[in-house]
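Visitor: What follows is entry_36.cif, mmCIF, C-alpha atoms and all ligand atoms.
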```
data_input
#
loop_
_atom_site.label_atom_id
_atom_site.label_comp_id
_atom_site.auth_asym_id
_atom_site.auth_seq_id
_atom_site.Cartn_x
_atom_site.Cartn_y
_atom_site.Cartn_z
CA MET A 1 22.65 125.27 -11.00
CA PRO A 2 26.24 125.13 -12.23
CA HIS A 3 28.79 124.55 -9.47
CA ALA A 4 30.67 127.57 -8.13
CA THR A 5 34.01 128.38 -9.72
CA PHE A 6 37.31 129.13 -7.96
CA THR A 7 39.88 131.88 -7.97
CA PRO A 8 43.34 130.58 -8.90
CA THR A 9 44.50 130.94 -5.28
CA GLU A 10 41.53 128.96 -3.96
CA LEU A 11 42.00 126.24 -6.55
CA LEU A 12 45.73 125.90 -5.87
CA ALA A 13 44.92 125.51 -2.15
CA VAL A 14 42.51 122.64 -2.93
CA ILE A 15 45.18 120.91 -5.03
CA ASP A 16 47.84 121.39 -2.35
CA ARG A 17 46.07 118.73 -0.26
CA LEU A 18 47.32 115.97 -2.59
CA PRO A 19 50.70 114.25 -2.13
CA ARG A 20 53.24 115.94 -4.35
CA ALA A 21 56.98 115.79 -5.02
CA LYS A 22 58.60 119.18 -5.73
CA LEU A 23 60.28 118.61 -9.09
CA ALA A 24 59.37 121.44 -11.46
CA HIS A 25 60.35 125.11 -11.63
CA LEU A 26 56.96 126.72 -11.03
CA PRO A 27 55.32 128.94 -11.95
CA THR A 28 56.83 128.84 -15.42
CA PRO A 29 57.11 132.21 -17.19
CA LEU A 30 54.29 133.56 -19.36
CA GLU A 31 55.93 135.51 -22.16
CA GLU A 32 54.48 137.55 -24.98
CA ALA A 33 55.77 136.63 -28.45
CA PRO A 34 55.23 139.84 -30.43
CA ARG A 35 57.40 139.11 -33.47
CA PHE A 36 55.82 135.68 -33.88
CA ALA A 37 52.31 137.09 -33.41
CA GLY A 38 52.98 139.88 -35.91
CA ALA A 39 54.02 137.32 -38.52
CA ILE A 40 50.70 135.45 -38.38
CA GLY A 41 47.98 138.07 -37.79
CA ASP A 42 46.43 140.57 -35.39
CA ALA A 43 46.07 138.56 -32.18
CA ARG A 44 48.52 138.84 -29.28
CA VAL A 45 50.27 135.54 -28.54
CA PHE A 46 51.54 134.56 -25.08
CA LEU A 47 53.70 131.50 -24.52
CA LYS A 48 53.36 129.60 -21.25
CA ARG A 49 56.91 128.32 -20.99
CA ASP A 50 56.40 124.77 -19.77
CA ASP A 51 59.42 123.96 -21.90
CA CYS A 52 61.20 125.62 -18.94
CA THR A 53 59.92 123.38 -16.12
CA GLY A 54 63.46 122.13 -15.47
CA LEU A 55 63.82 118.42 -14.56
CA LEU A 56 66.28 117.45 -17.29
CA LEU A 57 65.48 119.99 -20.01
CA GLY A 58 61.84 120.82 -19.37
CA GLY A 59 58.41 119.85 -20.60
CA ASN A 60 54.92 118.99 -19.38
CA LYS A 61 55.93 115.69 -17.75
CA ALA A 62 57.74 117.58 -14.98
CA ARG A 63 54.34 118.84 -13.82
CA HIS A 64 52.79 115.39 -14.26
CA ASN A 65 55.55 113.78 -12.22
CA GLU A 66 55.06 116.07 -9.24
CA PHE A 67 51.77 114.24 -8.66
CA LEU A 68 52.69 110.79 -10.03
CA LEU A 69 55.94 110.39 -8.15
CA GLY A 70 54.33 112.11 -5.15
CA ASP A 71 51.72 109.33 -5.30
CA ALA A 72 54.48 106.69 -5.65
CA LEU A 73 56.25 107.95 -2.53
CA ASP A 74 52.95 108.24 -0.65
CA GLN A 75 52.27 104.56 -1.44
CA GLY A 76 55.73 103.56 -0.22
CA CYS A 77 56.93 102.44 -3.64
CA ASP A 78 60.64 101.79 -4.20
CA MET A 79 60.72 101.67 -8.00
CA VAL A 80 58.89 102.90 -11.09
CA VAL A 81 57.91 100.80 -14.14
CA TRP A 82 57.22 103.11 -17.06
CA GLY A 83 57.10 103.00 -20.82
CA ALA A 84 56.30 104.78 -24.09
CA GLY A 85 58.24 105.43 -27.32
CA VAL A 86 62.05 105.39 -27.61
CA GLN A 87 62.11 109.21 -27.80
CA SER A 88 59.55 109.64 -25.01
CA ASN A 89 59.68 112.94 -23.14
CA ASN A 90 57.48 111.29 -20.53
CA CYS A 91 60.07 108.58 -19.82
CA ARG A 92 62.97 111.07 -19.85
CA GLN A 93 61.36 113.27 -17.21
CA THR A 94 60.14 110.29 -15.16
CA ALA A 95 63.68 108.86 -15.20
CA ALA A 96 64.93 112.27 -14.05
CA GLY A 97 62.35 112.48 -11.25
CA CYS A 98 63.27 108.96 -10.11
CA ALA A 99 66.97 109.85 -10.00
CA LYS A 100 66.22 112.92 -7.90
CA LEU A 101 63.93 111.03 -5.50
CA GLY A 102 66.08 107.88 -5.22
CA LEU A 103 63.63 105.53 -6.96
CA GLU A 104 64.83 102.82 -9.35
CA CYS A 105 63.47 103.49 -12.85
CA ARG A 106 62.73 100.71 -15.35
CA LEU A 107 61.75 101.85 -18.83
CA TYR A 108 60.16 99.67 -21.53
CA LEU A 109 60.45 101.61 -24.74
CA SER A 110 58.40 100.75 -27.82
CA ARG A 111 60.66 100.66 -30.88
CA GLY A 112 58.13 101.63 -33.55
CA HIS A 113 60.00 103.39 -36.35
CA TYR A 114 62.64 104.82 -34.02
CA SER A 115 66.36 104.28 -34.01
CA THR A 116 67.71 102.95 -30.71
CA GLU A 117 70.89 105.05 -31.04
CA PRO A 118 71.52 106.79 -27.73
CA GLN A 119 70.46 110.30 -28.79
CA GLY A 120 67.90 112.89 -27.67
CA ASN A 121 65.62 111.69 -24.89
CA LEU A 122 67.04 108.16 -24.89
CA LEU A 123 70.56 109.46 -24.24
CA LEU A 124 69.21 111.42 -21.28
CA ASP A 125 67.42 108.30 -19.91
CA TYR A 126 70.77 106.51 -19.78
CA LEU A 127 72.58 109.50 -18.28
CA VAL A 128 70.27 109.66 -15.24
CA GLY A 129 70.59 105.92 -14.64
CA ALA A 130 67.31 104.48 -15.94
CA LYS A 131 67.40 100.77 -16.84
CA VAL A 132 66.12 100.59 -20.41
CA GLU A 133 64.67 97.67 -22.36
CA PHE A 134 63.22 97.90 -25.86
CA THR A 135 59.99 96.20 -26.86
CA ASP A 136 57.87 95.75 -29.96
CA ALA A 137 54.66 96.21 -27.94
CA LYS A 138 52.69 99.10 -29.44
CA ILE A 139 52.10 102.29 -27.42
CA GLY A 140 48.56 102.07 -25.97
CA PRO A 141 46.73 99.02 -24.59
CA GLU A 142 49.50 96.57 -25.64
CA LEU A 143 52.33 98.44 -23.88
CA ASP A 144 50.04 99.17 -20.90
CA ALA A 145 49.53 95.40 -20.48
CA LEU A 146 53.29 94.77 -20.67
CA LEU A 147 53.94 97.37 -17.95
CA ALA A 148 51.27 95.83 -15.71
CA ALA A 149 52.84 92.37 -16.23
CA LYS A 150 56.36 93.67 -15.45
CA ALA A 151 55.07 95.42 -12.32
CA ALA A 152 53.43 92.15 -11.20
CA GLU A 153 56.76 90.32 -11.67
CA PHE A 154 58.61 92.87 -9.54
CA ARG A 155 55.88 92.70 -6.89
CA ALA A 156 56.16 88.89 -6.81
CA GLY A 157 59.91 89.40 -6.27
CA GLY A 158 59.28 91.49 -3.17
CA ARG A 159 59.59 94.97 -4.73
CA ARG A 160 57.06 97.82 -4.47
CA PRO A 161 56.65 99.09 -8.03
CA TYR A 162 54.67 102.15 -9.11
CA PHE A 163 53.64 101.63 -12.70
CA TRP A 164 51.92 103.30 -15.63
CA HIS A 165 48.38 102.28 -14.65
CA ARG A 166 46.33 104.52 -16.92
CA PRO A 167 43.18 104.84 -14.75
CA ARG A 168 45.27 106.21 -11.88
CA VAL A 169 48.11 108.11 -13.57
CA VAL A 170 46.13 109.96 -16.24
CA PRO A 171 43.73 111.78 -13.84
CA LEU A 172 46.61 112.57 -11.45
CA ALA A 173 48.68 113.97 -14.30
CA ALA A 174 45.65 115.99 -15.42
CA ILE A 175 45.53 117.71 -12.03
CA SER A 176 48.98 119.12 -12.71
CA TYR A 177 47.53 120.97 -15.70
CA VAL A 178 44.77 122.46 -13.60
CA VAL A 179 47.68 124.05 -11.74
CA CYS A 180 49.09 125.35 -15.03
CA VAL A 181 45.82 127.01 -16.05
CA ALA A 182 45.56 128.63 -12.61
CA GLU A 183 49.06 130.06 -13.11
CA VAL A 184 48.12 131.43 -16.54
CA VAL A 185 45.00 133.13 -15.19
CA GLN A 186 47.03 134.67 -12.34
CA GLN A 187 49.80 135.82 -14.67
CA LEU A 188 47.39 137.40 -17.16
CA ALA A 189 45.42 139.07 -14.35
CA GLU A 190 48.61 140.84 -13.25
CA GLN A 191 48.49 142.58 -16.65
CA ASN A 192 44.70 143.04 -16.53
CA LEU A 193 44.29 140.53 -19.34
CA GLU A 194 42.03 137.56 -19.93
CA PRO A 195 42.62 134.71 -22.39
CA ALA A 196 40.65 134.65 -25.66
CA ALA A 197 41.82 131.10 -26.33
CA ILE A 198 44.21 128.48 -24.98
CA TYR A 199 46.10 126.02 -27.20
CA VAL A 200 47.96 122.91 -26.10
CA SER A 201 49.34 119.75 -27.66
CA SER A 202 47.50 116.81 -26.13
CA SER A 203 45.50 113.67 -26.74
CA GLY A 204 45.48 112.83 -23.04
CA ALA A 205 46.17 113.91 -19.49
CA THR A 206 47.45 117.38 -20.24
CA GLY A 207 44.40 118.36 -22.25
CA ALA A 208 42.00 116.79 -19.76
CA GLY A 209 43.63 118.92 -17.07
CA VAL A 210 43.54 122.12 -19.08
CA ALA A 211 39.85 121.60 -19.89
CA LEU A 212 39.08 120.85 -16.25
CA GLY A 213 41.11 123.83 -15.07
CA ALA A 214 39.21 126.13 -17.43
CA LYS A 215 35.91 124.79 -16.09
CA LEU A 216 36.92 125.12 -12.43
CA LEU A 217 38.19 128.67 -12.97
CA GLY A 218 35.08 129.69 -14.90
CA LEU A 219 36.88 130.43 -18.17
CA THR A 220 34.58 130.59 -21.17
CA CYS A 221 37.21 130.91 -23.92
CA PRO A 222 37.96 128.07 -26.35
CA VAL A 223 40.42 125.47 -25.04
CA ARG A 224 41.89 123.94 -28.19
CA LEU A 225 43.57 120.57 -27.75
CA ILE A 226 45.65 119.90 -30.85
CA CYS A 227 46.14 116.14 -30.87
CA PRO A 228 49.61 114.68 -31.60
CA MET A 229 48.11 111.20 -32.05
CA HIS A 230 44.95 109.20 -32.52
CA TRP A 231 44.02 106.66 -29.88
CA PRO A 232 41.96 103.50 -30.34
CA TRP A 233 39.19 105.27 -28.39
CA HIS A 234 37.06 108.44 -28.73
CA ILE A 235 39.34 111.18 -27.38
CA PRO A 236 36.65 113.66 -26.15
CA THR A 237 34.83 110.92 -24.22
CA ALA A 238 38.05 109.56 -22.72
CA LEU A 239 39.34 113.01 -21.75
CA ALA A 240 36.03 114.03 -20.17
CA ASN A 241 36.18 110.82 -18.12
CA ASP A 242 39.78 111.51 -17.11
CA ALA A 243 38.88 115.09 -16.16
CA ASN A 244 35.97 113.81 -14.08
CA ASP A 245 38.18 111.25 -12.32
CA ALA A 246 40.58 114.10 -11.58
CA ALA A 247 37.74 116.24 -10.18
CA ALA A 248 36.66 113.29 -8.02
CA MET A 249 40.24 112.91 -6.69
CA LEU A 250 40.00 116.58 -5.64
CA ASN A 251 36.59 115.94 -4.03
CA LEU A 252 35.01 118.47 -6.38
CA PRO A 253 31.50 118.01 -7.82
CA HIS A 254 32.27 119.62 -11.22
CA ARG A 255 31.90 117.32 -14.24
CA LEU A 256 32.71 117.60 -17.96
CA THR A 257 31.09 115.91 -20.94
CA ALA A 258 32.63 115.04 -24.29
CA ALA A 259 31.13 118.29 -25.61
CA ASP A 260 33.50 120.23 -23.30
CA ILE A 261 36.56 118.70 -25.00
CA ASP A 262 37.65 120.42 -28.21
CA ALA A 263 40.14 117.82 -29.48
CA ASP A 264 41.36 118.60 -33.00
CA GLU A 265 42.82 115.58 -34.81
CA ASN A 266 43.54 117.49 -38.03
CA PHE A 267 47.20 118.29 -37.35
CA ILE A 268 48.56 114.74 -36.85
CA ALA A 269 49.39 114.04 -40.50
CA PRO A 270 51.35 112.09 -41.64
CA GLY A 271 51.21 110.29 -38.27
CA TYR A 272 52.26 110.30 -34.63
CA GLY A 273 55.95 110.98 -34.27
CA LEU A 274 56.36 111.91 -37.93
CA PRO A 275 57.03 115.53 -38.89
CA SER A 276 54.28 117.47 -40.71
CA LEU A 277 54.84 120.32 -43.16
CA ALA A 278 52.65 122.66 -41.09
CA GLY A 279 54.58 121.69 -37.96
CA GLN A 280 57.92 122.32 -39.65
CA GLU A 281 56.74 125.76 -40.74
CA ALA A 282 55.51 126.55 -37.22
CA MET A 283 58.82 125.43 -35.75
CA ARG A 284 60.84 127.58 -38.12
CA LEU A 285 58.60 130.61 -37.59
CA LEU A 286 58.84 130.56 -33.78
CA ALA A 287 62.58 129.84 -33.88
CA THR A 288 63.35 132.65 -36.32
CA THR A 289 61.09 135.27 -34.71
CA GLU A 290 61.54 134.52 -31.00
CA ALA A 291 64.48 132.07 -30.78
CA ILE A 292 62.25 129.56 -29.02
CA LEU A 293 62.37 125.89 -30.04
CA THR A 294 59.46 123.50 -30.39
CA ASP A 295 59.57 119.79 -31.22
CA PRO A 296 58.29 118.05 -34.34
CA VAL A 297 56.13 115.47 -32.52
CA TYR A 298 54.02 117.65 -30.21
CA SER A 299 54.54 121.34 -29.69
CA ALA A 300 55.25 122.30 -33.32
CA LYS A 301 52.07 120.59 -34.54
CA ALA A 302 50.02 122.31 -31.82
CA LEU A 303 51.56 125.64 -32.77
CA ALA A 304 50.56 124.91 -36.37
CA GLY A 305 46.98 124.60 -35.12
CA LEU A 306 47.21 128.00 -33.46
CA ILE A 307 48.71 129.57 -36.59
CA ALA A 308 45.93 128.14 -38.78
CA ASP A 309 43.23 129.58 -36.50
CA VAL A 310 44.83 133.03 -36.30
CA ARG A 311 45.30 133.10 -40.08
CA ALA A 312 41.63 132.08 -40.45
CA ARG A 313 40.78 135.27 -38.46
CA LYS A 314 39.11 133.44 -35.57
CA TYR A 315 40.33 136.14 -33.18
CA ALA A 316 39.98 139.90 -33.08
CA LYS A 317 42.84 142.38 -33.06
CA GLY A 318 44.50 142.39 -29.64
CA ASP A 319 42.87 139.16 -28.44
CA VAL A 320 45.13 137.24 -26.07
CA VAL A 321 45.87 133.78 -27.44
CA VAL A 322 47.81 131.56 -25.03
CA PHE A 323 50.01 128.70 -26.23
CA LEU A 324 50.95 126.19 -23.53
CA HIS A 325 54.41 125.15 -24.69
CA THR A 326 54.69 121.56 -23.47
CA GLY A 327 58.39 121.17 -24.39
CA GLY A 328 59.75 118.09 -26.11
CA VAL A 329 62.82 119.87 -27.40
CA PRO A 330 65.38 117.05 -26.75
CA ALA A 331 63.70 115.05 -29.54
CA ILE A 332 65.10 117.44 -32.16
CA PHE A 333 68.62 116.13 -31.52
CA ALA A 334 67.47 112.58 -32.28
CA ASN A 335 65.92 113.64 -35.59
CA PRO A 336 67.94 116.55 -37.02
CA ALA A 337 66.92 115.72 -40.58
CA GLU A 338 63.26 116.14 -39.62
CA VAL A 339 63.72 119.66 -38.30
CA LEU A 340 66.27 121.20 -40.66
CA PRO A 341 64.83 123.18 -43.57
CA PRO A 342 65.26 121.38 -46.91
CA THR A 343 68.36 122.62 -48.80
C1 LIG B 401 53.52 114.03 -23.66
C2 LIG B 401 53.57 115.33 -24.38
C3 LIG B 401 52.41 116.03 -24.76
C4 LIG B 401 51.00 115.54 -24.60
O1 LIG B 401 50.72 114.82 -23.51
P1 LIG B 401 49.30 114.10 -23.31
O2 LIG B 401 49.68 112.92 -22.48
O3 LIG B 401 48.74 113.73 -24.62
O4 LIG B 401 48.48 115.06 -22.61
C5 LIG B 401 52.55 117.25 -25.38
N1 LIG B 401 53.75 117.77 -25.61
C6 LIG B 401 54.89 117.14 -25.28
C7 LIG B 401 56.19 117.77 -25.61
C8 LIG B 401 54.84 115.90 -24.65
O5 LIG B 401 55.98 115.27 -24.34
#
```
Could you write out this file's structure as structure tokens?

Guide:
Amino acid sequence: MPHATFTPTELLAVIDRLPRAKLAHLPTPLEEAPRFAGAIGDARVFLKRDDCTGLLLGGNKARHNEFLLGDALDQGCDMVVWGAGVQSNNCRQTAAGCAKLGLECRLYLSRGHYSTEPQGNLLLDYLVGAKVEFTDAKIGPELDALLAAKAAEFRAGGRRPYFWHRPRVVPLAAISYVVCVAEVVQQLAEQNLEPAAIYVSSSGATGAGVALGAKLLGLTCPVRLICPMHWPWHIPTALANDANDAAAMLNLPHRLTAADIDADENFIAPGYGLPSLAGQEAMRLLATTEAILTDPVYSAKALAGLIADVRARKYAKGDVVVFLHTGGVPAIFANPAEVLPPT
């Protein structure tokens, strides 16, 4: 017997039992994009505007941080130790949440191929008072270990740090995307519509949450996770585990397997953080038809995945295809050459 599913209202009530900091503008709008849709095929396209979550220029990490910083406050933490790439949207919105909640924010940013000029997300980190250090540790297990070591140092010095501890923060962040899917279902129901597919940029928490949300709400449509990066692990297995940890945190019996995770790694080329031709086309198309920006690292590549599927006639005329716009827009100011059309 499959476990019973929830209405959006019931599911949101279950989630409301967890500690949470109010940081995001929710629910975000769900907007139809008719000129964009008309340019790519016959489906209807709706944009879930998580680029409009607020918290220092929007994006999916505002939702994540409601639960992560809510957890930090619940544990009595007085500072946050976080890290990712120099142009991390995650770090920008965590720094913003910390400023708003009065938590000290320490960021360890992996240099990779990035310039450390104060532009884009990095500029915003400084403006909200985060203390930034650069590192050559690679994003993933190496940077995770550095953050754990830094947190241990602060703890030894008498501080109470909340840090990027993947087994705890990824499932909590995933829960915030269960909320997002519940909002989408509610917003479509107001127009008597149901989704034919959901697209989102994710190799991690966001996608795990969207897949879990779809399961808990009884959606049967494809949930297409368009990956911005590879990880040194099998993404469907990891995301099913993260989704299951999230379900366990909600005291729900529902479980996913790797087969429930449709993670498409075909739109990453030429690599994480590097612009792709398909992504650049997607970005230009949405900007010139709807005046809505995407970013070259995440949302534009995911939109390229949606465009490819619509052009391949995966959907029927009038089908409702939902794109969860995860934001990332500040990154375009750090890399103008990557987003301007060639002259
Ligand atoms: C972080 C991020 C994502 C994906 O997040 P996951 O952790 O892989 O779920 C997608 N889009 C944007 C703009 C992001 O900043």

Visitor: Distance table requested - chain A against ligand LIG 401 (chain B), cut-off 6 Å, only C-alpha atoms and all ligand atoms: one row per qualifying residue with the closest atom pair and its distance in Å to one decimal, ordered by chain and rising residue number, as a Markdown table.

Guide:
```
| residue | atom | partner | partner_atom | distance |
| --- | --- | --- | --- | --- |
| A:Gly59 | CA | B:LIG401 | C7 | 5.9 |
| A:Asn89 | CA | B:LIG401 | O5 | 4.5 |
| A:Asn90 | CA | B:LIG401 | O5 | 5.7 |
| A:Ser201 | CA | B:LIG401 | C5 | 4.7 |
| A:Ser202 | CA | B:LIG401 | O3 | 3.6 |
| A:Ser203 | CA | B:LIG401 | O3 | 3.9 |
| A:Gly204 | CA | B:LIG401 | O3 | 3.7 |
| A:Ala205 | CA | B:LIG401 | O4 | 4.0 |
| A:Thr206 | CA | B:LIG401 | O4 | 3.5 |
| A:Gly207 | CA | B:LIG401 | O4 | 5.3 |
| A:Tyr298 | CA | B:LIG401 | N1 | 4.6 |
| A:Ser299 | CA | B:LIG401 | N1 | 5.5 |
| A:Thr326 | CA | B:LIG401 | N1 | 4.5 |
| A:Gly327 | CA | B:LIG401 | C7 | 4.2 |
| A:Gly328 | CA | B:LIG401 | C7 | 3.6 |
```

Visitor: What's around A:Leu143 at 12 Å? Count all atoms listed in the file, leave out sequence neighbours fewer than 6 positions away in its own chain, and write the answer as a short mmCIF file (atom, residue, chain, number, x, y, z; two decimals) with C-alpha atoms, keeping the file's coordinate frame.

Guide:
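File written: selection-v7.cif
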```
data_model
loop_
_atom_site.label_atom_id
_atom_site.label_comp_id
_atom_site.auth_asym_id
_atom_site.auth_seq_id
_atom_site.Cartn_x
_atom_site.Cartn_y
_atom_site.Cartn_z
CA VAL A 81 57.91 100.80 -14.14
CA TRP A 82 57.22 103.11 -17.06
CA GLY A 83 57.10 103.00 -20.82
CA ALA A 84 56.30 104.78 -24.09
CA GLY A 85 58.24 105.43 -27.32
CA LEU A 107 61.75 101.85 -18.83
CA TYR A 108 60.16 99.67 -21.53
CA LEU A 109 60.45 101.61 -24.74
CA SER A 110 58.40 100.75 -27.82
CA ARG A 111 60.66 100.66 -30.88
CA GLY A 112 58.13 101.63 -33.55
CA PHE A 134 63.22 97.90 -25.86
CA THR A 135 59.99 96.20 -26.86
CA ASP A 136 57.87 95.75 -29.96
CA ALA A 137 54.66 96.21 -27.94
CA ALA A 149 52.84 92.37 -16.23
CA LYS A 150 56.36 93.67 -15.45
CA PHE A 163 53.64 101.63 -12.70
CA TRP A 164 51.92 103.30 -15.63
CA HIS A 165 48.38 102.28 -14.65
CA ARG A 166 46.33 104.52 -16.92
#
```

Visitor: At what distance in Å, to one decimal, does atom CA of A:Ala304 lie from atom CA of A:Gln119?

Guide: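 Answer for the atom CA of A:Gln119 to atom CA of A:Ala304 separation: 25.8 Å.
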
Visitor: Could you list, as a CSV table (one decimal) with C-alpha atoms, in the frame of the given file, every residue within 9 Å of A:Ala263, counting all atoms listed in the file and ignoring same-chain residues fewer than 6 positions away?

Guide:
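Saved the output as result.csv:
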```
chain,number,residue,atom,x,y,z
A,202,SER,CA,47.5,116.8,-26.1
A,203,SER,CA,45.5,113.7,-26.7
A,207,GLY,CA,44.4,118.4,-22.2
A,223,VAL,CA,40.4,125.5,-25.0
A,224,ARG,CA,41.9,123.9,-28.2
A,225,LEU,CA,43.6,120.6,-27.8
A,226,ILE,CA,45.6,119.9,-30.8
A,227,CYS,CA,46.1,116.1,-30.9
A,235,ILE,CA,39.3,111.2,-27.4
A,236,PRO,CA,36.6,113.7,-26.2
```

Visitor: In Å to one decimal, how far is atom CA of A:Arg63 from atom CA of A:Ile15?

Guide: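 That distance, rounded to one decimal, is 12.9 Å.
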
Visitor: Quote the spacing between atom CA of A:Leu172 and atom CA of A:Lys100 in Å to one decimal place.

Guide: 19.9 Å
